[in-house]
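One structure is given below, encoded as structure tokens.
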Amino acid sequence: MYDGDEALFCCGNCHLRYCCTAAEARLDQGSCDNDKRDLEEEAETVQAVPTYLPFLIVCSLFVAFVIIGTFIAICCCRCLKMKTRDQHGRTLPTQCRLTESGHSSESQTPSRHSSSSSSTASRCSLGGRNQNNICTLGTESLNLFMNLPPQSTYPILSCPQSQGFMATSQASAPFLQQYIGYRMPPEQTMLMGPTYADNRGVFRLDEMSFSMVEEVKLLVRYNNKKPAIGTLYLTATHLIFVETSADVRKETWILHHHISTVEKLPLTATGCPLLIRCKNFRVVHFVIPRERDCQDVYLSLLKLFQPVNFEDLYAFLYNPKEGEASRAAICRCSQPLSGFNARCVEDEQMLQAISDTNKSSPSMYVVDTRPKLNAIANRAAGKGYENEDHYCNIKFQFVGIENIHIMRNSLQKLLEVCEMKSPSMSDYLTGLESSGWLRHIKAVMDAALFLVKAVAHEGASVLVHCSDGWDRTAQVCSLASLLLDPYYRTIKGLMVLIEKDWVSMGHKFTQRCGHLEGDPKEVSPVFTQFIECLWHLTEQFPCAFEFNEKLLLDIHDHVYSCQFGNFIGNCQKEREDLKFWCAMYNRFDKGMHPRQSVLDHLLSIISKKHEEEVKMKELQKKISTGPEESSSHSHEVSEVSVDEIKLSSPNAFKPIQNDSGTSFANGIELEQDGIPSNSDQKVHSPHEKYLPTETFEASLPPVENAVITDSVIKE
Amino acid sequence: MEFAELIKTPRVDNVVLHRPFLPQVEGTLCLTGHHLILSSRQDNTEELWLLHSNIDSIEKRFVGSMGTIIIKCKDLRIIQLDIPGMEECLNIASSIEALSTLDSALLMYPFFYRPMFEVVEDGWKSFLPEQAFKHIESMTNEWRLSQVNKDFSVCPSYPPVVIVPKSIDDDTLRKVATFRHMGRFPVLSYYHKKNGMVMMRSGQPLTGTNGRRCKEDEKLINATLRVGKRGFIIDTRTLSIAQQAKARGGGFEQEAHYPQWRRIHKAIDRSSILQESLIKLVEACNDQSHNMDRWLSKLEASNWLTHVKEILTTACLAAQCIDREGASVLVHGTEGTDSTLQVTSLAQIILDPTCRTMRGFESLVEREWLQAGHPFHVRCAQSAYSNSKPKLEAPVFLLFLDCVWQILRQFPCSFQFNEHFLIMLFEHAYASQFGTFLGNNAFDRVKLKLPEKTVSLWSWVNRPQELHKFLNPLYESNSLVIWPSVAPQSLLLWEGVFLRWNRSSRYLDEAYEEMIHIIEYNKELQAKVNALRRQLAELETEDPLLETP
């Protein structure tokens, strides 16, 4: 019988579902079909009789779940499409490099890309595989880039949800497939040398008596006295010689199937020579110090270069997706309607499917961005969080970002602090602290860092949710994407990110920003916080972003656009010293801002740079055409040219009257116009009274009646 | 005394050094009279050379026979040495302790340091008071150079020559000196060219409880006023503290006796409070564990930024009185060697564009700090890690540098020097191979014969090889008065000093390099354009000659 509002269990004896409060009476809810029978019959009575309210709730939740499920599915599809389109249009530097390298290597060794050739490539490895060198190296280093430890691959894989599902629906994105295929060709992964050889050895261990030989000499045809010394790796598919003696890492790769003959020459004093002739007419002459090693290599090669079965040919082994790359994804959703005990097998399966897409990690994280207390409170309302017992292989984690109401109040307090008339330093700092604003900002950033660490360091997928999945979830997912993927640190990328994680995922901009008249409780500075987090990052990593504090102005794009690779996978812990963002919250108190802006200065310099470059080209052109004309000794022509110059750029003649010094000074004067002219107006008068106006004035009146007031003294 | 007596173990092998942001180094530790040296004896690794005078405090720890010494430096760095062997560790620790707390200035490293570079311009002679006076003489003839203190008998903390009003003779000065704390009679600090207003500084008047007055003192400071003009006396203490000072013979100018002067009290804290504040701040910065709220409350509790705000506000007030109100200013606190100097020097940075240049700033430090008698020796004896109870130590100069940094941050294009220059000055004030910051005043420096026996910091800094590191690439001379904001929102913690060893500055350094690149490239470009224009002009002028038949 129905036990009232607290009823949570189904006893199976009555026509109601969730009728009893006692857990003992519980029946497996799946087997109870009372509600189905009642569905039509009771539809009207439910409305009429308020005691059936729980039933109504259950029904509506069920429907809501179906709708949300559909919604997610639609979003997935949309994202998937968008992703594909994005990748066409992407201008991400690293990816550019990837594609460029594709072209360059293709042009150098045309068959290399198809991976069925043998080729030699010299690769610079300056000081190991330091990521920071990447941007300074030329195209040669691109291979290196791809060989960075697994985290180097997340620029592509870290894209949220869509990616997670993309991997399950294999054939849906042929372009992506190919893309990944390019990214992980075995040549590239193999660069890891011994580790690779060990891993790969698993496939054909029986065929290989060993994996590497050290101190092998590669005789150079034109210089017998100076052979290259290095290590020979034998892998399932390639024979690789890595030169160790040279400063520049040089590798020779020979595909087994390219080998035409292998010949073991008579033993010499220096070792046992091995002559390999290839089908592409390459002849390689190794000298292996120990005869036994040589014999092993010889025998292995004999077996490998002409396999018995078709299946052993390289084409069958070439599996571009093989490798240790993390395929971790960040997914998002809303809270599960778990209540105290409800479970949903389909949801569990879906999480399992997400987890399965990423082979590199046995488990996945489920991150609830709410504080634990809030999540528990939600359980009472039939919502809640995932029970670790029901979902296999998940690690559940709370990250404790407060809800929109607390954020709204926090901002309110912060603004009160900003509006204080003349606060003392300690008023200000106490106010800043009690507003909790920076604590909340840090919570959001910490949560994003948690995601980054999970994806980049552990290679684990992450599912993120809060209550509704459009506020905190959006903040955290978008920040994490931005930390992981340099693309999102470009202007275009930022637009894509906002479009993807905020607009299309249903952040309620209208309500949150209070665009229309509505519930004031729905207003919250969620997006502001995201922007502030971005600002903190730009402050800490000034070179890692294409955009600046003024958001859509770009410095580095024009000068050195290779700045964006700097930050990949670098989830250095932010310190506690997040600063107050004066330019944002005291935006219209211009007096509080730095009077001269480095940024403005640099921007003016850069815009000037364009002008100068244009001028330079112009002048160069004139000079190069000028002498020709004068050499032609045609009076008319030269006069015309002079006129032309005068007409086209009258100022070009201005500095000529000056000597070099003044003309240079002229340039500086121009610059001064840019900056101090602003400051001219601003600097001239102090924007704030260092004494309160009235007291200062009061301290001025005639000597006789002037009495120093207490307020002056206090001040 | 021989240093060798203090060094019980001169050498230990297999010592492991841990430093912030650098890989650990294993090598040989050597103790010399002035340095702690750790070298891995490999060519490519950097050696650690640490001046003993830079060591603020040390801690010892033992795990088995492995000893660990944690060295806390005055530049706020913390390094750790793992020394095998208990006895060696104890010996090293006690040697370091003895060597880092040598009391006599004559044993300091500057007396033993021989420069590895050729001294082109002797820094000791670069900024003499006579030169400063020449500059003032070029603007006004109301002031004269007085030799009254040439044997330091009138005021031991003043230089031998001071600038005083022309109408005041030396006898009057001697009388005034008896009425001012430590004989620090009012002297000229700054002459504002724009309106002829001046800033003076002095010690507190010794009015005592019975309200003593001194006609000569009144005459002296009134001599600086134009007819019918009023001046401001800025007392850096609060009124209550100034009144308490009366009981100890000090006090402040009575309105009745100084009718032409308005007195304003500000609240810059005394030096012992500043030292506590520094210790709390550094503690907060080094504590990695706390959360956002605790960080903010600790920052607040340290009061450091309050001091910065207070000092800057007072300096701005002084500058405002001079530039905006057109009034002369006299600044004093108790002794006139700490907060007074902070205020007068900062006001000059605000008002005078030359003080924002490299040489101008050096000259300012020399004039307003070294010659004006800021007791560097006692103030910088210990820094934030000192275990002993602070006596006279106080980060007065560091606070000044912090304030300069705040202004620099607000006007990044108006200073010829950069943040590194300020940090360098901070380091050298606390521990240096140069003699500039030794001694407490000009008299001490003469007694120690510093100019003859040591090298000046300025001799080193002003060499082009060093100078370029400290130049601000954004600098464009700005002849205007710069009014900094003193709102709490505008003042930031100086991360370059206080978080220098706690967080990597790699990304900020990269950005700085990038900025320099952009500016350099732009300069090159301009030079090229100008060269091309000249080339074109030459062609233009040549052409007619060629073509005239």
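Every chain in the structure tokens has a letter given in the order shown (A, B, ...), and although residue numbers restart at 1 in each chain, ligands are simply numbered from 1 in the order shown.
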- prompt: Do you know which residues are at most 9 Å from stretch 35-47 of chain B counting only C-alpha atoms, after dropping those on the same chain fewer than 5 positions away, and could you put them as a list in words?
  reply: Asn14, Val15, Val16, Leu17, Val25, Glu26, Gly27, Thr28, Leu29, Cys30, His52, Ser53, Ile96 and Tyr109 of chain B
Writer output for current selection, N, CA and C atoms, as a PDB file, in the first residue's frame:
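So selection-v2.pdb came out as:
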```pdb
ATOM      1  N   ASN B  14      81.131  14.810  -2.318  1.00  0.00           N
ATOM      2  CA  ASN B  14      79.819  14.148  -2.464  1.00  0.00           C
ATOM      3  C   ASN B  14      78.690  14.870  -1.740  1.00  0.00           C
ATOM      4  N   VAL B  15      78.703  16.146  -1.855  1.00  0.00           N
ATOM      5  CA  VAL B  15      77.603  16.924  -1.283  1.00  0.00           C
ATOM      6  C   VAL B  15      76.553  17.115  -2.378  1.00  0.00           C
ATOM      7  N   VAL B  16      75.309  16.939  -2.016  1.00  0.00           N
ATOM      8  CA  VAL B  16      74.236  17.119  -3.000  1.00  0.00           C
ATOM      9  C   VAL B  16      73.525  18.440  -2.721  1.00  0.00           C
ATOM     10  N   LEU B  17      73.407  19.210  -3.765  1.00  0.00           N
ATOM     11  CA  LEU B  17      72.779  20.533  -3.637  1.00  0.00           C
ATOM     12  C   LEU B  17      71.403  20.515  -4.289  1.00  0.00           C
ATOM     13  N   VAL B  25      72.615  18.959  -7.918  1.00  0.00           N
ATOM     14  CA  VAL B  25      74.004  18.833  -8.326  1.00  0.00           C
ATOM     15  C   VAL B  25      74.754  18.110  -7.231  1.00  0.00           C
ATOM     16  N   GLU B  26      75.560  17.143  -7.616  1.00  0.00           N
ATOM     17  CA  GLU B  26      76.416  16.510  -6.630  1.00  0.00           C
ATOM     18  C   GLU B  26      77.829  16.988  -6.881  1.00  0.00           C
ATOM     19  N   GLY B  27      78.526  17.341  -5.833  1.00  0.00           N
ATOM     20  CA  GLY B  27      79.868  17.831  -6.044  1.00  0.00           C
ATOM     21  C   GLY B  27      80.597  18.059  -4.746  1.00  0.00           C
ATOM     22  N   THR B  28      81.635  18.869  -4.861  1.00  0.00           N
ATOM     23  CA  THR B  28      82.477  19.128  -3.712  1.00  0.00           C
ATOM     24  C   THR B  28      82.119  20.487  -3.132  1.00  0.00           C
ATOM     25  N   LEU B  29      81.965  20.494  -1.824  1.00  0.00           N
ATOM     26  CA  LEU B  29      81.645  21.747  -1.149  1.00  0.00           C
ATOM     27  C   LEU B  29      82.930  22.330  -0.580  1.00  0.00           C
ATOM     28  N   CYS B  30      83.180  23.588  -0.876  1.00  0.00           N
ATOM     29  CA  CYS B  30      84.366  24.249  -0.329  1.00  0.00           C
ATOM     30  C   CYS B  30      83.935  25.476   0.441  1.00  0.00           C
ATOM     31  N   HIS B  52      78.891  34.375   2.050  1.00  0.00           N
ATOM     32  CA  HIS B  52      78.451  34.098   3.426  1.00  0.00           C
ATOM     33  C   HIS B  52      77.545  35.202   3.937  1.00  0.00           C
ATOM     34  N   SER B  53      77.834  36.421   3.486  1.00  0.00           N
ATOM     35  CA  SER B  53      77.014  37.525   3.980  1.00  0.00           C
ATOM     36  C   SER B  53      75.589  37.464   3.440  1.00  0.00           C
ATOM     37  N   ILE B  96      79.712  28.021   8.725  1.00  0.00           N
ATOM     38  CA  ILE B  96      78.863  28.951   7.979  1.00  0.00           C
ATOM     39  C   ILE B  96      78.254  29.961   8.931  1.00  0.00           C
ATOM     40  N   TYR B 109      83.380  41.057   2.423  1.00  0.00           N
ATOM     41  CA  TYR B 109      83.989  40.674   1.152  1.00  0.00           C
ATOM     42  C   TYR B 109      84.427  41.855   0.299  1.00  0.00           C
TER      43      TYR B 109
END
```
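Using only C-alpha atoms, the nearest neighbour of chain B within the list A:Ile491, A:Val367, A:Ala456, A:Leu415 is A:Leu415.
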Write out as a PDB file with all heavy atoms, in the first residue's frame each polymer residue whose atoms come within 12 Å of B:Gln131, counting only C-alpha atoms; drop sequence neighbours fewer than 5 positions from it.
```
ATOM      1  N   LYS B 125      82.921  58.272  -7.723  1.00  0.00           N
ATOM      2  CA  LYS B 125      82.991  59.690  -8.085  1.00  0.00           C
ATOM      3  C   LYS B 125      81.856  60.106  -9.030  1.00  0.00           C
ATOM      4  O   LYS B 125      81.800  61.234  -9.475  1.00  0.00           O
ATOM      5  CB  LYS B 125      84.340  59.980  -8.758  1.00  0.00           C
ATOM      6  CG  LYS B 125      85.522  59.677  -7.850  1.00  0.00           C
ATOM      7  CD  LYS B 125      86.798  60.286  -8.386  1.00  0.00           C
ATOM      8  CE  LYS B 125      87.958  60.043  -7.441  1.00  0.00           C
ATOM      9  NZ  LYS B 125      88.414  58.619  -7.469  1.00  0.00           N
ATOM     10  N   SER B 126      80.992  59.147  -9.333  1.00  0.00           N
ATOM     11  CA  SER B 126      79.958  59.454 -10.331  1.00  0.00           C
ATOM     12  C   SER B 126      78.882  60.388  -9.809  1.00  0.00           C
ATOM     13  O   SER B 126      78.313  61.169 -10.557  1.00  0.00           O
ATOM     14  CB  SER B 126      79.290  58.161 -10.800  1.00  0.00           C
ATOM     15  OG  SER B 126      80.218  57.350 -11.441  1.00  0.00           O
ATOM     16  N   ILE B 136      71.349  71.991  -9.559  1.00  0.00           N
ATOM     17  CA  ILE B 136      70.377  72.898  -8.940  1.00  0.00           C
ATOM     18  C   ILE B 136      70.762  74.348  -9.199  1.00  0.00           C
ATOM     19  O   ILE B 136      69.911  75.201  -9.452  1.00  0.00           O
ATOM     20  CB  ILE B 136      70.262  72.581  -7.434  1.00  0.00           C
ATOM     21  CG1 ILE B 136      69.495  71.273  -7.282  1.00  0.00           C
ATOM     22  CG2 ILE B 136      69.583  73.712  -6.666  1.00  0.00           C
ATOM     23  CD1 ILE B 136      69.494  70.703  -5.923  1.00  0.00           C
ATOM     24  N   GLU B 137      72.051  74.591  -9.159  1.00  0.00           N
ATOM     25  CA  GLU B 137      72.549  75.946  -9.406  1.00  0.00           C
ATOM     26  C   GLU B 137      72.126  76.446 -10.778  1.00  0.00           C
ATOM     27  O   GLU B 137      71.903  77.639 -10.986  1.00  0.00           O
ATOM     28  CB  GLU B 137      74.078  75.931  -9.314  1.00  0.00           C
ATOM     29  CG  GLU B 137      74.658  77.141  -8.651  1.00  0.00           C
ATOM     30  CD  GLU B 137      76.174  77.018  -8.540  1.00  0.00           C
ATOM     31  OE1 GLU B 137      76.736  76.096  -9.176  1.00  0.00           O
ATOM     32  OE2 GLU B 137      76.774  77.833  -7.851  1.00  0.00           O
ATOM     33  N   SER B 138      72.036  75.515 -11.704  1.00  0.00           N
ATOM     34  CA  SER B 138      71.658  75.908 -13.054  1.00  0.00           C
ATOM     35  C   SER B 138      70.205  76.374 -13.124  1.00  0.00           C
ATOM     36  O   SER B 138      69.792  77.013 -14.068  1.00  0.00           O
ATOM     37  CB  SER B 138      71.878  74.745 -14.014  1.00  0.00           C
ATOM     38  OG  SER B 138      70.955  73.725 -13.725  1.00  0.00           O
ATOM     39  N   LEU B 145      75.912  75.663  -1.245  1.00  0.00           N
ATOM     40  CA  LEU B 145      76.528  74.432  -0.750  1.00  0.00           C
ATOM     41  C   LEU B 145      77.247  74.782   0.548  1.00  0.00           C
ATOM     42  O   LEU B 145      78.135  75.631   0.553  1.00  0.00           O
ATOM     43  CB  LEU B 145      77.512  73.928  -1.805  1.00  0.00           C
ATOM     44  CG  LEU B 145      77.769  72.437  -1.909  1.00  0.00           C
ATOM     45  CD1 LEU B 145      76.469  71.673  -2.088  1.00  0.00           C
ATOM     46  CD2 LEU B 145      78.694  72.175  -3.081  1.00  0.00           C
ATOM     47  N   VAL B 161      79.115  67.896   2.624  1.00  0.00           N
ATOM     48  CA  VAL B 161      78.530  69.107   2.046  1.00  0.00           C
ATOM     49  C   VAL B 161      77.022  68.902   1.874  1.00  0.00           C
ATOM     50  O   VAL B 161      76.583  67.829   1.474  1.00  0.00           O
ATOM     51  CB  VAL B 161      79.165  69.448   0.669  1.00  0.00           C
ATOM     52  CG1 VAL B 161      80.552  70.018   0.867  1.00  0.00           C
ATOM     53  CG2 VAL B 161      79.196  68.246  -0.229  1.00  0.00           C
ATOM     54  N   VAL B 162      76.266  69.925   2.244  1.00  0.00           N
ATOM     55  CA  VAL B 162      74.811  69.858   2.103  1.00  0.00           C
ATOM     56  C   VAL B 162      74.313  71.133   1.441  1.00  0.00           C
ATOM     57  O   VAL B 162      75.000  72.162   1.442  1.00  0.00           O
ATOM     58  CB  VAL B 162      74.110  69.693   3.470  1.00  0.00           C
ATOM     59  CG1 VAL B 162      74.344  68.314   4.040  1.00  0.00           C
ATOM     60  CG2 VAL B 162      74.558  70.760   4.444  1.00  0.00           C
ATOM     61  N   ILE B 163      73.114  71.058   0.873  1.00  0.00           N
ATOM     62  CA  ILE B 163      72.543  72.213   0.191  1.00  0.00           C
ATOM     63  C   ILE B 163      71.528  72.876   1.122  1.00  0.00           C
ATOM     64  O   ILE B 163      70.592  72.216   1.610  1.00  0.00           O
ATOM     65  CB  ILE B 163      71.869  71.782  -1.128  1.00  0.00           C
ATOM     66  CG1 ILE B 163      72.880  71.023  -1.994  1.00  0.00           C
ATOM     67  CG2 ILE B 163      71.333  72.994  -1.874  1.00  0.00           C
ATOM     68  CD1 ILE B 163      72.254  70.325  -3.174  1.00  0.00           C
ATOM     69  N   SER B 363      71.638  58.035  -9.198  1.00  0.00           N
ATOM     70  CA  SER B 363      71.945  59.272  -8.501  1.00  0.00           C
ATOM     71  C   SER B 363      70.980  59.492  -7.339  1.00  0.00           C
ATOM     72  O   SER B 363      71.364  59.936  -6.257  1.00  0.00           O
ATOM     73  CB  SER B 363      71.892  60.421  -9.502  1.00  0.00           C
ATOM     74  OG  SER B 363      71.642  61.623  -8.857  1.00  0.00           O
ATOM     75  N   GLU B 366      71.921  57.226  -4.510  1.00  0.00           N
ATOM     76  CA  GLU B 366      73.131  57.760  -3.897  1.00  0.00           C
ATOM     77  C   GLU B 366      72.798  58.972  -3.012  1.00  0.00           C
ATOM     78  O   GLU B 366      73.200  59.047  -1.861  1.00  0.00           O
ATOM     79  CB  GLU B 366      74.106  58.152  -5.016  1.00  0.00           C
ATOM     80  CG  GLU B 366      75.455  58.605  -4.569  1.00  0.00           C
ATOM     81  CD  GLU B 366      76.345  57.462  -4.063  1.00  0.00           C
ATOM     82  OE1 GLU B 366      76.174  56.308  -4.515  1.00  0.00           O
ATOM     83  OE2 GLU B 366      77.204  57.736  -3.230  1.00  0.00           O
ATOM     84  N   ARG B 367      72.010  59.901  -3.559  1.00  0.00           N
ATOM     85  CA  ARG B 367      71.696  61.138  -2.858  1.00  0.00           C
ATOM     86  C   ARG B 367      70.769  60.911  -1.680  1.00  0.00           C
ATOM     87  O   ARG B 367      71.047  61.309  -0.559  1.00  0.00           O
ATOM     88  CB  ARG B 367      70.970  62.068  -3.842  1.00  0.00           C
ATOM     89  CG  ARG B 367      71.681  63.340  -4.171  1.00  0.00           C
ATOM     90  CD  ARG B 367      70.869  64.213  -5.115  1.00  0.00           C
ATOM     91  NE  ARG B 367      70.198  63.511  -6.206  1.00  0.00           N
ATOM     92  CZ  ARG B 367      68.889  63.588  -6.435  1.00  0.00           C
ATOM     93  NH1 ARG B 367      68.107  64.293  -5.646  1.00  0.00           N
ATOM     94  NH2 ARG B 367      68.359  62.939  -7.464  1.00  0.00           N
TER      95      ARG B 367
END
```
- request: Please measure the separation of atom CA of B:Thr340 and atom CA of B:Ala372, giving the value in Å to one decimal.
  value: 10.1 Å
field: Pick from A:Arg472, A:Lys608, A:Arg439, A:His256, whichever lies nearest to A:His238 using only C-alpha atoms
entry: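 Of A:Arg472, A:Lys608, A:Arg439, A:His256, the one nearest A:His238, counting only C-alpha atoms, is A:His256.
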message: Please determine, counting only C-alpha atoms, which residue among A:Ser363, A:Gln295, A:Asn378, A:Ser604 has the shortest atom-to-atom distance to chain B.
response: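 Result for the nearest residue to chain B: A:Ser604.
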Need the shell around B:Asp122: protein/DNA/RNA residues with any atom at most 12 Å away, counting only C-alpha atoms. Skip same-chain ones fewer than 2 positions apart. Format as a JSON list (two decimals) with C-alpha atoms, in the first residue's frame?
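selection31.json, written as the output of this step:
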```json
[["chain", "number", "residue", "atom", "x", "y", "z"],
["B", 118, "GLU", "CA", 88.44, 47.27, -15.90],
["B", 119, "VAL", "CA", 86.90, 50.13, -13.99],
["B", 120, "VAL", "CA", 86.23, 52.69, -16.67],
["B", 124, "TRP", "CA", 82.51, 56.47, -6.19],
["B", 125, "LYS", "CA", 82.99, 59.69, -8.08],
["B", 126, "SER", "CA", 79.96, 59.45, -10.33],
["B", 127, "PHE", "CA", 77.41, 61.01, -8.03],
["B", 128, "LEU", "CA", 79.05, 63.55, -5.77],
["B", 436, "THR", "CA", 78.43, 50.83, -2.01],
["B", 451, "PRO", "CA", 86.24, 54.59, -1.96],
["B", 452, "GLU", "CA", 89.90, 53.64, -1.77],
["B", 454, "THR", "CA", 86.44, 48.77, -2.40],
["B", 455, "VAL", "CA", 84.76, 48.89, -5.76],
["B", 456, "SER", "CA", 81.52, 50.78, -6.22],
["B", 457, "LEU", "CA", 78.43, 49.01, -7.45],
["B", 458, "TRP", "CA", 77.95, 51.78, -9.98],
["B", 459, "SER", "CA", 81.36, 51.08, -11.54],
["B", 460, "TRP", "CA", 80.09, 47.65, -12.36],
["B", 461, "VAL", "CA", 76.49, 48.41, -13.32],
["B", 462, "ASN", "CA", 77.31, 51.24, -15.67],
["B", 463, "ARG", "CA", 79.49, 49.12, -17.91]]
```
- request: Find, counting only C-alpha atoms, the residue in A:Phe530, A:Phe547, A:Trp437, A:Phe450 that gets nearest to chain B.
  value: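 Between A:Phe530, A:Phe547, A:Trp437, A:Phe450, the residue approaching chain B most closely is A:Trp437.
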